[in-house]
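Colleague: Once you've had a glance at the structure underneath, I'll fire off some questions.
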Amino acid sequence: MNNIYLVGFMGTGKTSVGYELAKKIKQQFIDLDSLIELREKKLIADIFAEKGEPYFRKVEKQALKEVAKEKGFVVATGGGIVINPENIKIMKETGMLICLSASPEVILKRVSGLDLRPLMNVKDPKKQIELLLKLRAPYYALAGKTIDTSKLSVGRVVQNIIKVISKRGSKR
């Protein structure tokens, strides 16, 4: 089976949902941010602070290319991976993209108090979330399916993704 790539803004549940989905459909799970942290021996926040976002995006793309060579993975991506069209092309060629979304209020609630989110270390995090969501919306829209996780449990989101996968599989 091809890979399933979960894209979407931070705090939409990509890691939690990805882990549970992989267990449910008996595939391997990988979180790209965790893979990057392991390789760089630094937290994402520290990579951003010490080397900047362009460096991080380069490392992220390399990690994606390596994971994309494999099959049968559920991949939780970083929220900004979609801003590079080459990343979207890689994911579409090697699997299915599913975007997880949530309202700015829910995202803020989920990520509040987490210093590990470099893009949230600003004076007005809600305004930052709204701005980034607006800027990234056209990229997130390139995913085949979007699921709003604002009012859904992880289990319910997983069930919805399994329905999407089943429908796609029956069309082939």
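A note on labels: chains of the structure tokens are A, B, ... as shown, every chain counts residues from 1, and ligands are counted from 1 in their shown order.
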Give me the residues near stretch 160-170 of chain A as a PDB file with N, CA and C atoms, in the first residue's frame, where near means some atom within 8 Å (using only C-alpha atoms) and where sequence neighbours in that chain fewer than 2 positions away do not count.
Modeller:
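Ended up saving to selection_38.pdb:
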```pdb
ATOM      1  N   LEU A  21      -4.108   5.628  13.552  1.00  0.00           N
ATOM      2  CA  LEU A  21      -4.460   5.120  12.223  1.00  0.00           C
ATOM      3  C   LEU A  21      -3.523   3.991  11.818  1.00  0.00           C
ATOM      4  N   ILE A  98      -4.055  13.563   3.166  1.00  0.00           N
ATOM      5  CA  ILE A  98      -5.269  13.886   3.891  1.00  0.00           C
ATOM      6  C   ILE A  98      -4.930  15.051   4.807  1.00  0.00           C
ATOM      7  N   LYS A 145      -8.465  15.163   0.547  1.00  0.00           N
ATOM      8  CA  LYS A 145      -9.578  15.170   1.498  1.00  0.00           C
ATOM      9  C   LYS A 145      -9.160  15.989   2.714  1.00  0.00           C
ATOM     10  N   ILE A 147     -10.364  16.834   6.755  1.00  0.00           N
ATOM     11  CA  ILE A 147     -11.219  16.441   7.878  1.00  0.00           C
ATOM     12  C   ILE A 147     -11.010  17.445   9.000  1.00  0.00           C
ATOM     13  N   ARG A 156     -12.641   8.942  16.123  1.00  0.00           N
ATOM     14  CA  ARG A 156     -13.592   9.313  15.075  1.00  0.00           C
ATOM     15  C   ARG A 156     -12.854   9.791  13.816  1.00  0.00           C
ATOM     16  N   VAL A 157     -11.788  10.553  13.996  1.00  0.00           N
ATOM     17  CA  VAL A 157     -10.996  11.013  12.851  1.00  0.00           C
ATOM     18  C   VAL A 157     -10.397   9.810  12.126  1.00  0.00           C
ATOM     19  N   VAL A 158      -9.879   8.853  12.896  1.00  0.00           N
ATOM     20  CA  VAL A 158      -9.311   7.632  12.309  1.00  0.00           C
ATOM     21  C   VAL A 158     -10.377   6.897  11.497  1.00  0.00           C
ATOM     22  N   ARG A 172      -9.985   1.965  -7.611  1.00  0.00           N
ATOM     23  CA  ARG A 172      -8.832   1.519  -8.415  1.00  0.00           C
ATOM     24  C   ARG A 172      -9.100   0.214  -9.077  1.00  0.00           C
TER      25      ARG A 172
END
```
Colleague: Using only C-alpha atoms, which residues sit within 7 Å of A:Leu97 once same-chain residues fewer than 5 positions away are excluded, as JSON, numbers by chain?
Modeller: {"A": [4, 5, 6, 7, 91, 92, 143, 144]}
Colleague: Please dump the current selection as a PDB file, in the first residue's frame; keep N, CA and C atoms.
Modeller:
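The resulting result_16.pdb:
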```pdb
ATOM      1  N   ILE A   4       0.296   7.122   3.440  1.00  0.00           N
ATOM      2  CA  ILE A   4      -0.766   8.068   3.748  1.00  0.00           C
ATOM      3  C   ILE A   4      -0.079   9.223   4.455  1.00  0.00           C
ATOM      4  N   TYR A   5      -0.192  10.403   3.870  1.00  0.00           N
ATOM      5  CA  TYR A   5       0.454  11.594   4.433  1.00  0.00           C
ATOM      6  C   TYR A   5      -0.603  12.469   5.090  1.00  0.00           C
ATOM      7  N   LEU A   6      -0.429  12.725   6.367  1.00  0.00           N
ATOM      8  CA  LEU A   6      -1.321  13.620   7.083  1.00  0.00           C
ATOM      9  C   LEU A   6      -0.688  15.000   7.098  1.00  0.00           C
ATOM     10  N   VAL A   7      -1.364  15.950   6.473  1.00  0.00           N
ATOM     11  CA  VAL A   7      -0.889  17.320   6.436  1.00  0.00           C
ATOM     12  C   VAL A   7      -1.895  18.182   7.182  1.00  0.00           C
ATOM     13  N   MET A  91       4.650  13.788  -2.205  1.00  0.00           N
ATOM     14  CA  MET A  91       3.616  13.074  -1.444  1.00  0.00           C
ATOM     15  C   MET A  91       2.528  12.520  -2.357  1.00  0.00           C
ATOM     16  N   LYS A  92       2.110  13.299  -3.349  1.00  0.00           N
ATOM     17  CA  LYS A  92       1.054  12.830  -4.265  1.00  0.00           C
ATOM     18  C   LYS A  92       1.529  11.663  -5.126  1.00  0.00           C
ATOM     19  N   ALA A 143      -4.685  18.789  -0.810  1.00  0.00           N
ATOM     20  CA  ALA A 143      -4.873  17.422  -0.308  1.00  0.00           C
ATOM     21  C   ALA A 143      -6.179  16.881  -0.887  1.00  0.00           C
ATOM     22  N   GLY A 144      -6.241  15.595  -1.058  1.00  0.00           N
ATOM     23  CA  GLY A 144      -7.434  14.978  -1.636  1.00  0.00           C
ATOM     24  C   GLY A 144      -8.660  15.097  -0.751  1.00  0.00           C
TER      25      GLY A 144
END
```
Colleague: What separation in Å, quoted to one decimal, exists between atom CA of A:Glu70 and atom CA of A:Gly155?
Modeller: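 For atom CA of A:Glu70 relative to atom CA of A:Gly155, the distance reads 25.9 Å.
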Colleague: Write out as number ranges by chain all residues of stretch 35-141 of chain A that backbone DSSP assigns to strand (DSSP E).
Modeller: A: 73-76, 95-101
Colleague: Please list as a ChimeraX atom specification every residue within 12 Å of A:Ile129, counting only C-alpha atoms and excluding residues in the same chain fewer than 6 positions away.
Modeller: /A:9-12,79,102-112,117,119-123,135-137
Colleague: Set the distance at 12 Å and use only C-alpha atoms: which residues neighbour A:Ala22 once local chain neighbours fewer than 2 positions away are removed? I'd like the list as a list in words.
Modeller: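 Those residues are Asn3, Ile4, Tyr5, Leu6, Lys14, Thr15, Ser16, Val17, Gly18, Tyr19, Glu20, Lys24, Ile25, Lys26, Gln27, Gln28, Phe29, Ile30, Asp31, Gly72, Phe73, Val74, Val75, Ala76, Gly155, Val158, Gln159, Ile161 and Ile162 of chain A.
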